[in-house]
file final06.pdb (PDB, C-alpha atoms, pLDDT in the B column)
ATOM      1  CA  MET A   1      71.516  11.961 -22.175  1.00 47.00           C
ATOM      2  CA  ASN A   2      68.671  10.458 -24.191  1.00 49.00           C
ATOM      3  CA  VAL A   3      69.345  10.915 -27.919  1.00 51.00           C
ATOM      4  CA  PRO A   4      66.338   9.769 -30.018  1.00 54.00           C
ATOM      5  CA  THR A   5      66.958   7.499 -33.003  1.00 51.00           C
ATOM      6  CA  SER A   6      65.070  10.022 -35.156  1.00 59.00           C
ATOM      7  CA  HIS A   7      67.780  12.653 -34.672  1.00 61.00           C
ATOM      8  CA  LYS A   8      69.093  13.652 -38.113  1.00 58.00           C
ATOM      9  CA  ILE A   9      72.775  13.626 -37.176  1.00 67.00           C
ATOM     10  CA  LEU A  10      73.121  11.434 -34.087  1.00 70.00           C
ATOM     11  CA  GLY A  11      70.186   9.053 -34.556  1.00 64.00           C
ATOM     12  CA  HIS A  12      72.056   6.346 -36.465  1.00 68.00           C
ATOM     13  CA  PHE A  13      75.089   6.632 -34.186  1.00 70.00           C
ATOM     14  CA  SER A  14      72.923   6.340 -31.046  1.00 70.00           C
ATOM     15  CA  ASN A  15      71.125   3.313 -32.421  1.00 72.00           C
ATOM     16  CA  ARG A  16      74.443   1.634 -33.245  1.00 73.00           C
ATOM     17  CA  MET A  17      75.819   2.273 -29.754  1.00 71.00           C
ATOM     18  CA  ARG A  18      72.685   0.839 -28.172  1.00 67.00           C
ATOM     19  CA  GLN A  19      73.062  -2.281 -30.283  1.00 69.00           C
ATOM     20  CA  LEU A  20      76.618  -2.700 -28.996  1.00 68.00           C
ATOM     21  CA  TYR A  21      75.405  -2.177 -25.450  1.00 60.00           C
ATOM     22  CA  ASN A  22      72.743  -4.870 -25.843  1.00 63.00           C
ATOM     23  CA  ARG A  23      75.340  -7.240 -27.265  1.00 63.00           C
ATOM     24  CA  ARG A  24      77.442  -6.695 -24.164  1.00 58.00           C
ATOM     25  CA  LEU A  25      74.457  -7.442 -21.916  1.00 52.00           C
ATOM     26  CA  GLU A  26      73.544 -10.615 -23.775  1.00 51.00           C
ATOM     27  CA  GLY A  27      77.142 -11.833 -23.821  1.00 52.00           C
ATOM     28  CA  ASN A  28      76.632 -13.824 -27.016  1.00 56.00           C
ATOM     29  CA  GLN A  29      78.995 -11.732 -29.151  1.00 65.00           C
ATOM     30  CA  PRO A  30      82.026 -10.378 -27.274  1.00 72.00           C
ATOM     31  CA  LEU A  31      82.920  -6.758 -27.977  1.00 69.00           C
ATOM     32  CA  SER A  32      86.332  -5.654 -29.129  1.00 78.00           C
ATOM     33  CA  LYS A  33      88.532  -3.511 -26.912  1.00 80.00           C
ATOM     34  CA  VAL A  34      87.692  -0.410 -28.961  1.00 77.00           C
ATOM     35  CA  GLN A  35      83.957  -1.114 -28.722  1.00 73.00           C
ATOM     36  CA  ARG A  36      84.175  -1.613 -24.955  1.00 74.00           C
ATOM     37  CA  GLU A  37      86.033   1.680 -24.599  1.00 79.00           C
ATOM     38  CA  LYS A  38      83.328   3.456 -26.599  1.00 75.00           C
ATOM     39  CA  ILE A  39      80.636   2.063 -24.321  1.00 68.00           C
ATOM     40  CA  GLN A  40      82.582   3.075 -21.213  1.00 72.00           C
ATOM     41  CA  ARG A  41      83.104   6.633 -22.471  1.00 76.00           C
ATOM     42  CA  LEU A  42      79.416   7.017 -23.272  1.00 69.00           C
ATOM     43  CA  GLU A  43      78.449   5.583 -19.875  1.00 61.00           C
ATOM     44  CA  SER A  44      80.663   8.161 -18.154  1.00 68.00           C
ATOM     45  CA  MET A  45      78.755  10.873 -20.061  1.00 64.00           C
ATOM     46  CA  GLY A  46      75.386   9.533 -18.908  1.00 62.00           C
ATOM     47  CA  PHE A  47      74.291   8.273 -22.330  1.00 62.00           C
ATOM     48  CA  ALA A  48      70.906   6.479 -22.127  1.00 58.00           C
ATOM     49  CA  PHE A  49      71.596   3.066 -23.646  1.00 59.00           C
ATOM     50  CA  ASP A  50      68.429   1.474 -22.322  1.00 61.00           C
ATOM     51  CA  ARG A  51      66.131   4.359 -23.176  1.00 66.00           C
ATOM     52  CA  HIS A  52      62.751   3.128 -21.984  1.00 72.00           C
ATOM     53  CA  PHE A  53      64.142   1.486 -18.864  1.00 81.00           C
ATOM     54  CA  ASP A  54      66.474   4.354 -17.986  1.00 79.00           C
ATOM     55  CA  VAL A  55      63.777   6.984 -18.493  1.00 81.00           C
ATOM     56  CA  ASN A  56      61.485   5.125 -16.107  1.00 84.00           C
ATOM     57  CA  LEU A  57      64.376   4.633 -13.711  1.00 89.00           C
ATOM     58  CA  GLN A  58      64.873   8.407 -13.627  1.00 88.00           C
ATOM     59  CA  LYS A  59      61.157   8.827 -12.956  1.00 90.00           C
ATOM     60  CA  LEU A  60      61.458   6.272 -10.166  1.00 91.00           C
ATOM     61  CA  GLU A  61      64.306   8.236  -8.586  1.00 92.00           C
ATOM     62  CA  ALA A  62      62.184  11.395  -8.704  1.00 93.00           C
ATOM     63  CA  TYR A  63      59.252   9.481  -7.201  1.00 92.00           C
ATOM     64  CA  LYS A  64      61.454   8.231  -4.358  1.00 90.00           C
ATOM     65  CA  LYS A  65      62.755  11.736  -3.698  1.00 90.00           C
ATOM     66  CA  GLU A  66      59.185  13.011  -3.397  1.00 90.00           C
ATOM     67  CA  LYS A  67      57.537  10.075  -1.582  1.00 85.00           C
ATOM     68  CA  GLY A  68      60.446   8.646   0.380  1.00 85.00           C
ATOM     69  CA  HIS A  69      60.009   5.123  -1.029  1.00 83.00           C
ATOM     70  CA  CYS A  70      59.961   3.206  -4.321  1.00 83.00           C
ATOM     71  CA  LYS A  71      56.647   1.384  -3.891  1.00 82.00           C
ATOM     72  CA  VAL A  72      54.928   2.840  -6.934  1.00 84.00           C
ATOM     73  CA  PRO A  73      51.276   1.706  -7.037  1.00 82.00           C
ATOM     74  CA  VAL A  74      49.945   0.136 -10.217  1.00 79.00           C
ATOM     75  CA  LYS A  75      47.345   2.869 -10.655  1.00 80.00           C
ATOM     76  CA  TYR A  76      49.610   5.847 -10.044  1.00 83.00           C
ATOM     77  CA  MET A  77      47.409   8.583 -11.463  1.00 86.00           C
ATOM     78  CA  PRO A  78      50.068  11.325 -11.915  1.00 88.00           C
ATOM     79  CA  ASP A  79      52.051   8.978 -14.180  1.00 86.00           C
ATOM     80  CA  ARG A  80      50.209   5.840 -15.261  1.00 82.00           C
ATOM     81  CA  ALA A  81      53.119   4.766 -17.444  1.00 78.00           C
ATOM     82  CA  LEU A  82      55.406   4.655 -14.406  1.00 85.00           C
ATOM     83  CA  GLY A  83      52.872   2.601 -12.455  1.00 84.00           C
ATOM     84  CA  SER A  84      52.480   0.136 -15.325  1.00 79.00           C
ATOM     85  CA  TRP A  85      56.248  -0.155 -15.716  1.00 82.00           C
ATOM     86  CA  ALA A  86      56.691  -0.819 -11.991  1.00 86.00           C
ATOM     87  CA  GLU A  87      54.072  -3.569 -12.206  1.00 83.00           C
ATOM     88  CA  VAL A  88      55.921  -5.162 -15.126  1.00 79.00           C
ATOM     89  CA  ILE A  89      59.067  -5.205 -12.983  1.00 84.00           C
ATOM     90  CA  ARG A  90      57.185  -6.932 -10.158  1.00 86.00           C
ATOM     91  CA  LEU A  91      55.609  -9.501 -12.469  1.00 82.00           C
ATOM     92  CA  GLU A  92      58.974 -10.325 -14.021  1.00 80.00           C
ATOM     93  CA  HIS A  93      60.505 -10.599 -10.563  1.00 84.00           C
ATOM     94  CA  ASN A  94      57.744 -13.012  -9.542  1.00 81.00           C
ATOM     95  CA  ARG A  95      58.584 -15.113 -12.590  1.00 77.00           C
ATOM     96  CA  MET A  96      62.198 -15.262 -11.467  1.00 79.00           C
ATOM     97  CA  ASN A  97      61.071 -16.269  -7.972  1.00 76.00           C
ATOM     98  CA  ARG A  98      59.216 -19.188  -9.533  1.00 74.00           C
ATOM     99  CA  GLY A  99      62.454 -20.247 -11.199  1.00 75.00           C
ATOM    100  CA  GLU A 100      61.402 -19.026 -14.646  1.00 77.00           C
ATOM    101  CA  PRO A 101      63.788 -16.978 -16.829  1.00 76.00           C
ATOM    102  CA  SER A 102      63.159 -13.287 -17.418  1.00 73.00           C
ATOM    103  CA  ASN A 103      64.340 -11.676 -20.630  1.00 67.00           C
ATOM    104  CA  TYR A 104      63.453  -8.238 -19.294  1.00 72.00           C
ATOM    105  CA  LEU A 105      65.125  -8.261 -15.874  1.00 80.00           C
ATOM    106  CA  THR A 106      68.742  -8.667 -16.869  1.00 77.00           C
ATOM    107  CA  ALA A 107      71.494  -8.634 -14.250  1.00 79.00           C
ATOM    108  CA  ASP A 108      72.360  -5.078 -15.314  1.00 78.00           C
ATOM    109  CA  ARG A 109      68.788  -3.885 -14.801  1.00 81.00           C
ATOM    110  CA  LEU A 110      68.555  -5.644 -11.452  1.00 86.00           C
ATOM    111  CA  ARG A 111      71.724  -3.862 -10.351  1.00 85.00           C
ATOM    112  CA  LYS A 112      70.197  -0.521 -11.337  1.00 86.00           C
ATOM    113  CA  LEU A 113      66.976  -1.302  -9.468  1.00 88.00           C
ATOM    114  CA  ALA A 114      68.946  -2.353  -6.394  1.00 86.00           C
ATOM    115  CA  THR A 115      70.901   0.916  -6.498  1.00 87.00           C
ATOM    116  CA  VAL A 116      67.703   2.967  -6.519  1.00 88.00           C
ATOM    117  CA  GLY A 117      66.085   0.764  -3.878  1.00 86.00           C
ATOM    118  CA  PHE A 118      63.151  -0.518  -5.907  1.00 85.00           C
ATOM    119  CA  ASN A 119      60.652  -2.448  -3.806  1.00 77.00           C
ATOM    120  CA  PHE A 120      58.985  -5.422  -5.429  1.00 76.00           C
ATOM    121  CA  SER A 121      55.868  -5.033  -3.303  1.00 65.00           C
ATOM    122  CA  SER A 122      53.397  -2.260  -4.104  1.00 56.00           C
ATOM    123  CA  GLN A 123      52.305  -2.095  -0.476  1.00 56.00           C
ATOM    124  CA  VAL A 124      53.714   0.754   1.587  1.00 55.00           C
ATOM    125  CA  MET A 125      55.236  -0.359   4.890  1.00 61.00           C
ATOM    126  CA  ILE A 126      53.110   0.882   7.779  1.00 72.00           C
ATOM    127  CA  PRO A 127      54.998   1.761  10.999  1.00 80.00           C
ATOM    128  CA  TRP A 128      54.621  -0.629  13.939  1.00 86.00           C
ATOM    129  CA  GLU A 129      53.122   2.100  16.117  1.00 89.00           C
ATOM    130  CA  VAL A 130      50.314   2.712  13.613  1.00 87.00           C
ATOM    131  CA  LYS A 131      49.419  -0.983  13.579  1.00 90.00           C
ATOM    132  CA  PHE A 132      49.556  -1.050  17.366  1.00 92.00           C
ATOM    133  CA  GLU A 133      47.056   1.796  17.644  1.00 93.00           C
ATOM    134  CA  LYS A 134      44.739  -0.002  15.231  1.00 92.00           C
ATOM    135  CA  LEU A 135      45.043  -3.118  17.382  1.00 94.00           C
ATOM    136  CA  ARG A 136      44.193  -1.086  20.470  1.00 93.00           C
ATOM    137  CA  ALA A 137      41.123   0.348  18.728  1.00 94.00           C
ATOM    138  CA  TYR A 138      40.026  -3.117  17.585  1.00 94.00           C
ATOM    139  CA  ARG A 139      40.308  -4.521  21.110  1.00 93.00           C
ATOM    140  CA  ALA A 140      38.386  -1.563  22.534  1.00 93.00           C
ATOM    141  CA  GLN A 141      35.558  -2.214  20.082  1.00 93.00           C
ATOM    142  CA  HIS A 142      35.465  -6.026  20.069  1.00 91.00           C
ATOM    143  CA  GLY A 143      37.002  -6.949  23.415  1.00 91.00           C
ATOM    144  CA  ARG A 144      39.471  -9.390  21.872  1.00 91.00           C
ATOM    145  CA  ASP A 145      42.364  -9.638  19.449  1.00 92.00           C
ATOM    146  CA  PRO A 146      41.603  -9.722  15.714  1.00 91.00           C
ATOM    147  CA  PRO A 147      41.696 -13.149  14.037  1.00 89.00           C
ATOM    148  CA  THR A 148      44.667 -14.014  11.852  1.00 84.00           C
ATOM    149  CA  SER A 149      42.294 -13.860   8.889  1.00 85.00           C
ATOM    150  CA  HIS A 150      41.689 -10.152   9.489  1.00 86.00           C
ATOM    151  CA  PRO A 151      42.547  -8.365   6.203  1.00 79.00           C
ATOM    152  CA  GLU A 152      44.475  -5.526   7.823  1.00 82.00           C
ATOM    153  CA  LEU A 153      45.799  -6.809  11.154  1.00 88.00           C
ATOM    154  CA  GLY A 154      45.893 -10.584  10.694  1.00 87.00           C
ATOM    155  CA  SER A 155      49.423 -10.965   9.347  1.00 83.00           C
ATOM    156  CA  TRP A 156      50.733  -8.329  11.763  1.00 88.00           C
ATOM    157  CA  VAL A 157      49.229 -10.179  14.737  1.00 90.00           C
ATOM    158  CA  ARG A 158      50.853 -13.415  13.571  1.00 88.00           C
ATOM    159  CA  LYS A 159      54.207 -11.681  13.368  1.00 86.00           C
ATOM    160  CA  GLN A 160      53.970 -10.396  16.954  1.00 87.00           C
ATOM    161  CA  ARG A 161      53.267 -13.912  18.206  1.00 87.00           C
ATOM    162  CA  TYR A 162      56.080 -15.255  16.067  1.00 83.00           C
ATOM    163  CA  CYS A 163      58.567 -12.803  17.616  1.00 82.00           C
ATOM    164  CA  TYR A 164      57.297 -13.651  21.089  1.00 83.00           C
ATOM    165  CA  ASN A 165      57.806 -17.367  20.460  1.00 79.00           C
ATOM    166  CA  GLN A 166      61.252 -16.724  19.011  1.00 77.00           C
ATOM    167  CA  LYS A 167      62.264 -14.880  22.154  1.00 75.00           C
ATOM    168  CA  SER A 168      60.898 -17.703  24.300  1.00 70.00           C
ATOM    169  CA  ASP A 169      62.894 -20.212  22.268  1.00 64.00           C
ATOM    170  CA  GLY A 170      66.030 -18.066  22.350  1.00 66.00           C
ATOM    171  CA  THR A 171      66.075 -17.627  18.565  1.00 61.00           C
ATOM    172  CA  LEU A 172      65.071 -13.962  18.315  1.00 59.00           C
ATOM    173  CA  ARG A 173      67.555 -11.968  16.254  1.00 58.00           C
ATOM    174  CA  ALA A 174      70.389 -10.483  18.264  1.00 48.00           C
ATOM    175  CA  ALA A 175      69.818  -7.041  16.715  1.00 43.00           C
ATOM    176  CA  SER A 176      66.278  -6.890  18.110  1.00 52.00           C
ATOM    177  CA  ILE A 177      67.466  -7.957  21.551  1.00 47.00           C
ATOM    178  CA  LEU A 178      70.415  -5.572  21.748  1.00 43.00           C
ATOM    179  CA  SER A 179      68.405  -2.579  20.579  1.00 47.00           C
ATOM    180  CA  GLY A 180      65.630  -3.350  23.040  1.00 57.00           C
ATOM    181  CA  THR A 181      63.074  -2.921  20.262  1.00 78.00           C
ATOM    182  CA  TRP A 182      61.149  -6.100  20.938  1.00 78.00           C
ATOM    183  CA  ASP A 183      61.144  -5.697  24.741  1.00 83.00           C
ATOM    184  CA  GLU A 184      59.489  -2.296  24.392  1.00 88.00           C
ATOM    185  CA  ARG A 185      56.909  -3.616  21.954  1.00 89.00           C
ATOM    186  CA  GLU A 186      56.205  -6.689  24.045  1.00 89.00           C
ATOM    187  CA  GLU A 187      55.552  -4.504  27.080  1.00 90.00           C
ATOM    188  CA  LYS A 188      53.091  -2.350  25.128  1.00 92.00           C
ATOM    189  CA  LEU A 189      51.257  -5.420  23.876  1.00 92.00           C
ATOM    190  CA  HIS A 190      51.092  -6.878  27.385  1.00 90.00           C
ATOM    191  CA  ASP A 191      49.659  -3.601  28.696  1.00 92.00           C
ATOM    192  CA  ILE A 192      46.617  -3.803  26.416  1.00 92.00           C
ATOM    193  CA  GLY A 193      46.070  -7.510  27.112  1.00 91.00           C
ATOM    194  CA  PHE A 194      47.314  -8.914  23.819  1.00 92.00           C
ATOM    195  CA  VAL A 195      47.189 -12.726  23.758  1.00 89.00           C
ATOM    196  CA  PHE A 196      50.556 -14.059  22.627  1.00 85.00           C
ATOM    197  CA  GLN A 197      49.647 -17.744  22.840  1.00 76.00           C
ATOM    198  CA  ALA A 198      46.589 -18.015  20.618  1.00 61.00           C
ATOM    199  CA  GLY A 199      46.824 -21.741  19.988  1.00 56.00           C
ATOM    200  CA  PRO A 200      48.797 -24.910  20.723  1.00 53.00           C
ATOM    201  CA  ARG A 201      52.522 -24.708  20.119  1.00 50.00           C
ATOM    202  CA  LEU A 202      54.812 -27.372  18.756  1.00 49.00           C
ATOM    203  CA  SER A 203      56.841 -29.292  21.268  1.00 54.00           C
ATOM    204  CA  ALA A 204      60.597 -28.856  21.432  1.00 56.00           C
ATOM    205  CA  GLU A 205      61.012 -32.323  19.921  1.00 56.00           C
ATOM    206  CA  ALA A 206      58.765 -31.454  16.973  1.00 48.00           C
ATOM    207  CA  LYS A 207      60.667 -28.241  16.323  1.00 51.00           C
ATOM    208  CA  ALA A 208      63.975 -30.084  16.472  1.00 56.00           C
ATOM    209  CA  THR A 209      62.678 -32.551  13.894  1.00 45.00           C
ATOM    210  CA  MET A 210      61.599 -29.736  11.580  1.00 44.00           C
ATOM    211  CA  ARG A 211      65.002 -28.072  11.840  1.00 52.00           C
ATOM    212  CA  ALA A 212      66.983 -31.285  11.440  1.00 47.00           C
ATOM    213  CA  GLY A 213      67.448 -30.827   7.710  1.00 41.00           C
ATOM    214  CA  ILE A 214      68.571 -27.202   7.966  1.00 51.00           C
ATOM    215  CA  LYS A 215      71.975 -27.243   9.613  1.00 60.00           C
ATOM    216  CA  LYS A 216      73.344 -23.873   8.567  1.00 72.00           C
ATOM    217  CA  SER A 217      73.242 -20.957  10.979  1.00 76.00           C
ATOM    218  CA  TRP A 218      71.917 -17.502  10.119  1.00 78.00           C
ATOM    219  CA  ASP A 219      75.484 -16.242   9.666  1.00 79.00           C
ATOM    220  CA  ASP A 220      76.251 -19.130   7.313  1.00 81.00           C
ATOM    221  CA  ARG A 221      73.189 -18.315   5.221  1.00 81.00           C
ATOM    222  CA  LEU A 222      74.250 -14.670   5.140  1.00 83.00           C
ATOM    223  CA  ALA A 223      77.659 -15.726   3.840  1.00 84.00           C
ATOM    224  CA  ASP A 224      75.955 -17.835   1.154  1.00 84.00           C
ATOM    225  CA  PHE A 225      73.844 -14.829   0.213  1.00 83.00           C
ATOM    226  CA  VAL A 226      76.929 -12.619  -0.176  1.00 84.00           C
ATOM    227  CA  VAL A 227      78.537 -15.227  -2.450  1.00 85.00           C
ATOM    228  CA  TRP A 228      75.324 -15.521  -4.487  1.00 80.00           C
ATOM    229  CA  LYS A 229      75.129 -11.747  -4.882  1.00 81.00           C
ATOM    230  CA  GLU A 230      78.733 -11.526  -6.076  1.00 83.00           C
ATOM    231  CA  ARG A 231      78.194 -14.388  -8.518  1.00 81.00           C
ATOM    232  CA  HIS A 232      75.000 -13.012 -10.076  1.00 78.00           C
ATOM    233  CA  GLY A 233      75.634  -9.280  -9.749  1.00 79.00           C
ATOM    234  CA  HIS A 234      72.389  -8.520  -7.872  1.00 77.00           C
ATOM    235  CA  PRO A 235      70.793  -9.428  -4.515  1.00 78.00           C
ATOM    236  CA  TYR A 236      67.510 -10.925  -5.729  1.00 76.00           C
ATOM    237  CA  VAL A 237      67.672 -14.643  -4.939  1.00 76.00           C
ATOM    238  CA  PRO A 238      64.673 -16.598  -6.324  1.00 73.00           C
ATOM    239  CA  THR A 239      62.482 -17.512  -3.366  1.00 62.00           C
ATOM    240  CA  VAL A 240      61.057 -20.527  -5.188  1.00 54.00           C
ATOM    241  CA  SER A 241      63.609 -22.892  -6.653  1.00 51.00           C
ATOM    242  CA  ASP A 242      64.223 -26.607  -7.031  1.00 52.00           C
ATOM    243  CA  GLY A 243      67.951 -26.200  -7.577  1.00 54.00           C
ATOM    244  CA  GLU A 244      70.909 -25.824  -5.257  1.00 57.00           C
ATOM    245  CA  ASP A 245      69.685 -22.402  -4.114  1.00 66.00           C
ATOM    246  CA  LYS A 246      66.400 -23.775  -2.744  1.00 67.00           C
ATOM    247  CA  LEU A 247      67.302 -23.415   0.949  1.00 72.00           C
ATOM    248  CA  LEU A 248      68.951 -20.044   0.378  1.00 77.00           C
ATOM    249  CA  GLY A 249      65.790 -18.843  -1.367  1.00 75.00           C
ATOM    250  CA  ARG A 250      63.700 -19.942   1.598  1.00 71.00           C
ATOM    251  CA  TRP A 251      66.067 -18.157   3.964  1.00 75.00           C
ATOM    252  CA  VAL A 252      65.807 -14.928   1.938  1.00 75.00           C
ATOM    253  CA  ALA A 253      62.006 -15.141   1.905  1.00 70.00           C
ATOM    254  CA  ALA A 254      61.971 -15.441   5.702  1.00 69.00           C
ATOM    255  CA  GLN A 255      64.041 -12.302   6.307  1.00 66.00           C
TER     256      GLN A 255
END
call {"tool": "encode", "arguments": {"input": "final06.pdb", "output": "structure tokens"}}
result
Amino acid sequence: MNVPTSHKILGHFSNRMRQLYNRRLEGNQPLSKVQREKIQRLESMGFAFDRHFDVNLQKLEAYKKEKGHCKVPVKYMPDRALGSWAEVIRLEHNRMNRGEPSNYLTADRLRKLATVGFNFSSQVMIPWEVKFEKLRAYRAQHGRDPPTSHPELGSWVRKQRYCYNQKSDGTLRAASILSGTWDEREEKLHDIGFVFQAGPRLSAEAKATMRAGIKKSWDDRLADFVVWKERHGHPYVPTVSDGEDKLLGRWVAAQ
């Protein structure tokens, strides 16, 4: 329900209700019980308090229904306004990751984005099998694995070696082991001659030294994340921070 402020009868009323809603978001001026009840009744009716944001959120939901994901490209030709809005969201999110405040991405808006499943990267996730076939084609043409600087396969190649080393060290995620996902992928990579050890590895002593300052287990970090989410009302932990959430931010970035 998106009532424009120019409406002859309801325009002034809608504008007043949106002002109350913004006051509630900012938290500077507490609302009375009657005002809170008004907001709740309008919310139950689907009233668009945050018109511009909510309109784009509805467009995002339609986009997800059609495309199967929320990674709206910046230059989305069918709706350039939606693409520009999605880029603003990503830029503001990057600011938050750097530890800077964002006046646009309030906790309420972050909750709405989390509900829809907004992705803060404009890159569409490519299935593992597609990357594998591209690796096979590259090896057939060049007779070797692509370098880690390769624009399309470099980061993917690094990840395969990382998973292989994790399994060797006994630190590969239990979910990957139990499902057998990595074993199947490792076998396929072995079959085409993929080189898992592309360079010198750190010794066990060096790795132990690096991990000495990080004593919490994965489950402990997950528990910290749940507490953080409940405290802030959304799951987006800044990945760059100098405060008490610094290690949690690093953990989130590594997932």
call {"tool": "resolve_selection", "arguments": {"input": "final06.pdb", "expression": "the PyMOL selection byres ((chain A and resi 140-144) around 12)", "output": "compact mmCIF listing (two decimals) with C-alpha atoms, keeping the file's coordinate frame"}}
result
# COMPACT_ATOMS: atom_id res chain seq x y z
CA GLU A 133 47.06 1.80 17.64
CA LYS A 134 44.74 0.00 15.23
CA LEU A 135 45.04 -3.12 17.38
CA ARG A 136 44.19 -1.09 20.47
CA ALA A 137 41.12 0.35 18.73
CA TYR A 138 40.03 -3.12 17.58
CA ARG A 139 40.31 -4.52 21.11
CA ASP A 145 42.36 -9.64 19.45
CA PRO A 146 41.60 -9.72 15.71
CA PRO A 147 41.70 -13.15 14.04
CA ILE A 192 46.62 -3.80 26.42
CA GLY A 193 46.07 -7.51 27.11
CA PHE A 194 47.31 -8.91 23.82
CA VAL A 195 47.19 -12.73 23.76
CA ALA A 198 46.59 -18.02 20.62
call {"tool": "residues_around", "arguments": {"input": "final06.pdb", "residues": "stretch 83-97 of chain A", "least_positions_apart": "2", "cutoff": "8 Å", "atoms": "all atoms listed in the file", "output": "list in words"}}
result
Asn56, Val72, Pro73, Val74, Lys75, Tyr76, Asp79, Arg80, Ala81, Gly99, Glu100, Pro101, Ser102, Tyr104, Leu105, Phe120, Ser121, Val237, Pro238, Thr239, Val240 and Ser241 of chain A
call {"tool": "atom_distance", "arguments": {"input": "final06.pdb", "atom1": "atom CA of A:Ser32", "atom2": "atom CA of A:Pro235"}}
result
29.4 Å
call {"tool": "resolve_selection", "arguments": {"input": "final06.pdb", "expression": "the PyMOL selection byres ((chain A and resi 148) around 12)", "output": "list in words"}}
result
Asp145, Pro146, Pro147, Ser149, His150, Pro151, Glu152, Leu153, Gly154, Ser155, Trp156, Val157, Arg158, Lys159, Gln160, Arg161, Ala198 and Gly199 of chain A
call {"tool": "atom_distance", "arguments": {"input": "final06.pdb", "atom1": "atom CA of A:Ala107", "atom2": "atom CA of A:Phe53"}}
result
13.3 Å
call {"tool": "residues_near_point", "arguments": {"input": "final06.pdb", "point": "(67.0, -12.1, -2.1)", "cutoff": "9 Å", "atoms": "only C-alpha atoms", "output": "list in words"}}
result
Phe225, Lys229, His234, Pro235, Tyr236, Val237, Pro238, Thr239, Leu248, Gly249, Trp251, Val252, Ala253 and Gln255 of chain A
